[in-house]
Amino acid sequence: MEIRVGFEISYAAAQPTPMVIMLSIHPSRHSDILGAERIVADPDVPIGFYRDSFGNICGRLVAPAGGIRLLGDALVRDSGLPDVVMPTAQQLPIEQLPDDVLLYLMPSRYCETDRLTDIAWSLFAATPPGWPRVQAIVDFVHRHVAFGYQHAHHMKSAHDVYEQRTGVCRDFAHLALTFCRCMGIPARYCTGYLGDIGVPPEPEAMDFSGWFEVYLSGQWYTFDARHNMPRIGRILMATGRDAADVALTTSFGRMTLTKFVVVTDEVVMAQA
């Protein structure tokens with residue numbers, strides 16, 4: 001199948017403002033892009049792209065006084081298969097984990113393992129390690145947290161989500177991946193496109209999505225505590241310790257968001 005993705009994001013700015021953007025499709029999906037991914041600015045200021053320490057593609061630019069409009073577009077080939085489910089995937093002893101995976105056991109800005117470890121063990125100590133334990137964590141977070149865009153707050157941490165029991169997709173991911181880390185399972189935050197493909201369309205406007213991955217049996221597997229079901233058509237943009245590492249835009253000065261549109265649509269082929 002083919003999926004058309006893109007965005008239009010506009011900011012107002014009173015003076016020239018440096019920015020870093022993380023709006024590109026992740027390098028792991030580059031071979032699936034048909035043609036070329038287009039990311040441009042209006043006015044046409046130069047964007048210098050580089051890779052950060054997590055391997056994500058970032059862009060540097062200076063928004064002119066008055067503001068800027070960022071536009072992106074790509075056509076992506078996708079298998080059309082749902083997220084992989086592997087109930088036999090095993091949790092590795094910490095001493096056997098690769099060096100570069102240990103980072104995803106550590107606390108981070110939005111994932112306070114020190115505040116949630118006792119709670120995690122009280123909830124999940126009796127669950128079988130590996131995939132069943134991660135699924136038990138996802139099931140709990142899916143039941144425990146109520147979704148709603150009115151509950152979004154950029155400073156909300158995993159512990160806040162546990163106590164307040166409300167949030168958006170990033171909050172579901174933060175709480176679930178923090179519980180995983182507390183139980184010795186490496187987990188990282190993911191952001192990207194996830195359209196209403198193979199499921200009833202949601203009434204809210206399309207947005208970027210947040211989910212997480214865990215390291216089991218020597219590879220990363222996708223989990224989604226908000227939806228709690230395998231989904232079709234995820235297109236990864238970036239991974240990190242938590243949402244602080246994968247901010248879509250970072251401005252070094254005052255800017256005001258004036259427009260935010262995201263597109264993720266399956267391309268329906270015309271019948272011959």
# chains A, B, ... in the order shown; residues from 1 in each chain; ligands from 1
>>> closest_atom_pairs(of="region 192-238 of chain A", to="region 83-107 of chain A", cutoff="6 Å", atoms="only C-alpha atoms", output="tab-separated table")
residue	atom	partner	partner_atom	distance
A:Leu216	CA	A:Gln91	CA	5.2
A:Ser217	CA	A:Gln90	CA	5.0
A:Pro230	CA	A:Asp83	CA	4.8
A:Arg231	CA	A:Asp83	CA	5.6
>>> select_by_dssp(residues="region 49-108 of chain A", states="helix (DSSP H, G or I)", output="PDB file with all heavy atoms, in the first residue's frame")
ATOM      1  N   ILE A  94      19.993  -7.686  32.301  1.00  0.00           N
ATOM      2  CA  ILE A  94      20.608  -6.376  32.063  1.00  0.00           C
ATOM      3  C   ILE A  94      22.077  -6.512  31.681  1.00  0.00           C
ATOM      4  O   ILE A  94      22.576  -5.793  30.807  1.00  0.00           O
ATOM      5  CB  ILE A  94      20.412  -5.473  33.292  1.00  0.00           C
ATOM      6  CG1 ILE A  94      18.925  -5.115  33.439  1.00  0.00           C
ATOM      7  CG2 ILE A  94      21.250  -4.205  33.173  1.00  0.00           C
ATOM      8  CD1 ILE A  94      18.582  -4.334  34.673  1.00  0.00           C
ATOM      9  N   GLU A  95      22.779  -7.473  32.284  1.00  0.00           N
ATOM     10  CA  GLU A  95      24.200  -7.631  31.975  1.00  0.00           C
ATOM     11  C   GLU A  95      24.443  -8.121  30.554  1.00  0.00           C
ATOM     12  O   GLU A  95      25.568  -8.043  30.044  1.00  0.00           O
ATOM     13  CB  GLU A  95      24.868  -8.589  32.967  1.00  0.00           C
ATOM     14  CG  GLU A  95      24.319 -10.007  32.971  1.00  0.00           C
ATOM     15  CD  GLU A  95      23.150 -10.198  33.923  1.00  0.00           C
ATOM     16  OE1 GLU A  95      22.509  -9.185  34.305  1.00  0.00           O
ATOM     17  OE2 GLU A  95      22.886 -11.353  34.293  1.00  0.00           O
ATOM     18  N   GLN A  96      23.417  -8.588  29.861  1.00  0.00           N
ATOM     19  CA  GLN A  96      23.557  -9.042  28.475  1.00  0.00           C
ATOM     20  C   GLN A  96      23.099  -8.002  27.453  1.00  0.00           C
ATOM     21  O   GLN A  96      23.206  -8.231  26.242  1.00  0.00           O
ATOM     22  CB  GLN A  96      22.761 -10.338  28.271  1.00  0.00           C
ATOM     23  CG  GLN A  96      23.297 -11.526  29.056  1.00  0.00           C
ATOM     24  CD  GLN A  96      22.504 -12.791  28.803  1.00  0.00           C
ATOM     25  OE1 GLN A  96      21.766 -12.895  27.819  1.00  0.00           O
ATOM     26  NE2 GLN A  96      22.643 -13.762  29.690  1.00  0.00           N
ATOM     27  N   ASP A  99      25.590  -2.096  24.967  1.00  0.00           N
ATOM     28  CA  ASP A  99      25.911  -0.853  25.658  1.00  0.00           C
ATOM     29  C   ASP A  99      24.963   0.282  25.274  1.00  0.00           C
ATOM     30  O   ASP A  99      24.539   1.074  26.119  1.00  0.00           O
ATOM     31  CB  ASP A  99      27.350  -0.428  25.338  1.00  0.00           C
ATOM     32  CG  ASP A  99      28.379  -1.398  25.887  1.00  0.00           C
ATOM     33  OD1 ASP A  99      28.030  -2.198  26.779  1.00  0.00           O
ATOM     34  OD2 ASP A  99      29.527  -1.354  25.412  1.00  0.00           O
ATOM     35  N   ASP A 100      24.621   0.374  23.976  1.00  0.00           N
ATOM     36  CA  ASP A 100      23.810   1.505  23.523  1.00  0.00           C
ATOM     37  C   ASP A 100      22.337   1.384  23.904  1.00  0.00           C
ATOM     38  O   ASP A 100      21.564   2.319  23.696  1.00  0.00           O
ATOM     39  CB  ASP A 100      23.950   1.709  22.017  1.00  0.00           C
ATOM     40  CG  ASP A 100      23.495   0.500  21.205  1.00  0.00           C
ATOM     41  OD1 ASP A 100      23.274  -0.578  21.799  1.00  0.00           O
ATOM     42  OD2 ASP A 100      23.376   0.626  19.975  1.00  0.00           O
ATOM     43  N   VAL A 101      21.946   0.248  24.473  1.00  0.00           N
ATOM     44  CA  VAL A 101      20.567   0.054  24.898  1.00  0.00           C
ATOM     45  C   VAL A 101      20.373   0.430  26.368  1.00  0.00           C
ATOM     46  O   VAL A 101      19.268   0.755  26.804  1.00  0.00           O
ATOM     47  CB  VAL A 101      20.134  -1.410  24.639  1.00  0.00           C
ATOM     48  CG1 VAL A 101      18.770  -1.721  25.252  1.00  0.00           C
ATOM     49  CG2 VAL A 101      20.092  -1.692  23.140  1.00  0.00           C
ATOM     50  N   LEU A 102      21.451   0.420  27.147  1.00  0.00           N
ATOM     51  CA  LEU A 102      21.352   0.712  28.579  1.00  0.00           C
ATOM     52  C   LEU A 102      20.738   2.083  28.850  1.00  0.00           C
ATOM     53  O   LEU A 102      20.072   2.287  29.867  1.00  0.00           O
ATOM     54  CB  LEU A 102      22.733   0.633  29.228  1.00  0.00           C
ATOM     55  CG  LEU A 102      23.347  -0.759  29.344  1.00  0.00           C
ATOM     56  CD1 LEU A 102      24.778  -0.651  29.865  1.00  0.00           C
ATOM     57  CD2 LEU A 102      22.512  -1.661  30.242  1.00  0.00           C
ATOM     58  N   LEU A 103      20.952   3.021  27.926  1.00  0.00           N
ATOM     59  CA  LEU A 103      20.394   4.367  28.073  1.00  0.00           C
ATOM     60  C   LEU A 103      18.888   4.327  28.295  1.00  0.00           C
ATOM     61  O   LEU A 103      18.328   5.171  29.016  1.00  0.00           O
ATOM     62  CB  LEU A 103      20.717   5.177  26.815  1.00  0.00           C
ATOM     63  CG  LEU A 103      20.135   6.576  26.683  1.00  0.00           C
ATOM     64  CD1 LEU A 103      20.781   7.502  27.713  1.00  0.00           C
ATOM     65  CD2 LEU A 103      20.352   7.114  25.276  1.00  0.00           C
ATOM     66  N   TYR A 104      18.230   3.340  27.690  1.00  0.00           N
ATOM     67  CA  TYR A 104      16.768   3.281  27.730  1.00  0.00           C
ATOM     68  C   TYR A 104      16.235   2.553  28.962  1.00  0.00           C
ATOM     69  O   TYR A 104      15.053   2.225  29.030  1.00  0.00           O
ATOM     70  CB  TYR A 104      16.256   2.650  26.439  1.00  0.00           C
ATOM     71  CG  TYR A 104      16.667   3.463  25.231  1.00  0.00           C
ATOM     72  CD1 TYR A 104      17.699   3.036  24.399  1.00  0.00           C
ATOM     73  CD2 TYR A 104      16.067   4.683  24.955  1.00  0.00           C
ATOM     74  CE1 TYR A 104      18.096   3.799  23.305  1.00  0.00           C
ATOM     75  CE2 TYR A 104      16.459   5.452  23.875  1.00  0.00           C
ATOM     76  CZ  TYR A 104      17.474   4.998  23.046  1.00  0.00           C
ATOM     77  OH  TYR A 104      17.865   5.760  21.972  1.00  0.00           O
ATOM     78  N   LEU A 105      17.114   2.329  29.935  1.00  0.00           N
ATOM     79  CA  LEU A 105      16.702   1.903  31.270  1.00  0.00           C
ATOM     80  C   LEU A 105      16.761   3.055  32.269  1.00  0.00           C
ATOM     81  O   LEU A 105      16.262   2.927  33.394  1.00  0.00           O
ATOM     82  CB  LEU A 105      17.609   0.775  31.776  1.00  0.00           C
ATOM     83  CG  LEU A 105      17.450  -0.590  31.128  1.00  0.00           C
ATOM     84  CD1 LEU A 105      18.532  -1.526  31.647  1.00  0.00           C
ATOM     85  CD2 LEU A 105      16.069  -1.183  31.399  1.00  0.00           C
TER      86      LEU A 105
END
>>> closest_atom_pairs(of="region 78-132 of chain A", to="region 172-185 of chain A", cutoff="6 Å", atoms="only C-alpha atoms", output="CSV")
residue,atom,partner,partner_atom,distance
A:Leu105,CA,A:Arg181,CA,4.9
A:Cys111,CA,A:Thr178,CA,5.4
A:Thr113,CA,A:Cys182,CA,5.7
A:Thr117,CA,A:Cys182,CA,5.0
A:Ala120,CA,A:Phe179,CA,5.6
>>> residues_around(residues="Ala13 (chain A)", least_positions_apart="5", cutoff="7 Å", atoms="only C-alpha atoms", output="number ranges by chain")
A: 65-67, 254-256
>>> residues_around(residues="region 53-59 of chain A", least_positions_apart="2", cutoff="10 Å", atoms="only C-alpha atoms", output="ChimeraX atom specification")
/A:19-28,39,46-51,61,237-241,245-246,248-249
>>> closest_residue(among="A:Lys156, A:His142, A:His151, A:Arg109", to="Met229 (chain A)", atoms="only C-alpha atoms")
A:His142
>>> residues_around(residues="region 72-76 of chain A", least_positions_apart="4", cutoff="6 Å", atoms="only C-alpha atoms", output="list in words")
Glu2, Ile3, Arg4, Val5, Gly6, Phe7, Asp32, Ile33, Leu34, Glu37, Arg38 and Ile39 of chain A
>>> closest_residue(among="A:Val141, A:Val168, A:Met1, A:Val45", to="Val62 (chain A)", atoms="only C-alpha atoms")
A:Val45
>>> select_by_dssp(residues="region 19-263 of chain A", states="strand (DSSP E or B)", output="number ranges by chain")
A: 19-21, 33-42, 48-51, 57-63, 68-77, 82, 108, 111, 146-147, 166-167, 187-193, 209-216, 219-223, 232, 235-240, 249-251, 255-263
>>> write_last_selection(atoms="C-alpha atoms", output="compact mmCIF listing (two decimals), in the first residue's frame")
# COMPACT_ATOMS: atom_id res chain seq x y z
CA MET A 19 14.80 27.01 15.07
CA VAL A 20 15.51 23.28 15.09
CA ILE A 21 12.87 21.09 13.44
CA ILE A 33 9.87 6.74 0.34
CA LEU A 34 8.67 6.89 -3.26
CA GLY A 35 10.41 9.75 -5.00
CA ALA A 36 11.69 12.27 -2.47
CA GLU A 37 10.46 13.69 0.81
CA ARG A 38 9.89 17.44 0.52
CA ILE A 39 10.37 19.77 3.49
CA VAL A 40 10.45 23.48 2.69
CA ALA A 41 9.97 26.82 4.39
CA ASP A 42 7.94 29.82 3.29
CA GLY A 48 20.51 22.68 7.06
CA PHE A 49 19.85 19.03 7.90
CA TYR A 50 21.90 16.89 10.28
CA ARG A 51 21.51 13.75 12.42
CA ILE A 57 17.10 13.85 11.12
CA CYS A 58 16.93 17.45 12.30
CA GLY A 59 16.88 20.73 10.41
CA ARG A 60 18.35 24.11 11.38
CA LEU A 61 16.94 27.39 10.10
CA VAL A 62 16.28 30.97 11.07
CA ALA A 63 12.65 32.07 10.83
CA ILE A 68 7.37 31.17 8.87
CA ARG A 69 5.36 28.38 7.29
CA LEU A 70 6.83 24.85 7.25
CA LEU A 71 5.52 22.40 4.65
CA GLY A 72 6.24 18.70 4.24
CA ASP A 73 5.07 16.02 1.84
CA ALA A 74 6.05 12.42 1.05
CA LEU A 75 4.62 9.28 -0.50
CA VAL A 76 5.58 6.19 1.49
CA ARG A 77 5.34 2.53 0.55
CA PRO A 82 -0.20 -4.44 11.48
CA SER A 108 14.74 10.94 31.76
CA CYS A 111 10.05 9.36 32.80
CA ALA A 146 -8.45 8.49 29.95
CA PHE A 147 -7.60 10.09 26.60
CA THR A 166 -5.66 11.58 31.97
CA GLY A 167 -3.55 12.48 28.96
CA ALA A 187 12.02 1.24 26.35
CA ARG A 188 12.20 4.29 24.10
CA TYR A 189 9.75 6.94 22.96
CA CYS A 190 8.66 7.19 19.31
CA THR A 191 6.87 9.83 17.30
CA GLY A 192 5.53 9.73 13.78
CA TYR A 193 2.52 9.49 11.51
CA SER A 209 1.26 10.30 17.18
CA GLY A 210 3.36 9.04 20.09
CA TRP A 211 4.02 5.40 20.96
CA PHE A 212 6.97 3.42 22.35
CA GLU A 213 9.27 0.51 21.60
CA VAL A 214 10.77 -2.11 23.91
CA TYR A 215 13.94 -4.14 23.49
CA LEU A 216 13.20 -7.88 23.70
CA GLN A 219 15.36 -6.22 18.77
CA TRP A 220 12.89 -3.36 19.17
CA TYR A 221 9.14 -4.03 19.15
CA THR A 222 6.31 -1.49 18.88
CA PHE A 223 3.68 -1.02 21.60
CA ILE A 232 -1.45 -0.44 10.21
CA ILE A 235 5.58 5.84 9.78
CA LEU A 236 8.35 6.58 12.25
CA MET A 237 9.88 10.04 12.42
CA ALA A 238 12.07 9.98 15.53
CA THR A 239 13.03 8.04 18.66
CA GLY A 240 14.51 9.15 21.98
CA THR A 249 10.04 22.17 16.59
CA THR A 250 12.29 24.01 19.02
CA SER A 251 12.54 27.80 18.79
CA MET A 255 7.07 32.33 18.55
CA THR A 256 3.33 31.77 18.32
CA LEU A 257 1.81 28.73 16.61
CA THR A 258 -0.83 29.91 14.12
CA LYS A 259 -1.55 26.80 12.03
CA PHE A 260 -1.04 23.06 12.50
CA VAL A 261 -2.26 20.55 9.92
CA VAL A 262 -1.13 16.93 9.56
CA VAL A 263 -2.07 14.58 6.73
>>> atom_distance(atom1="CA of Gln15 (chain A)", atom2="CA of Ala247 (chain A)")
21.9 Å
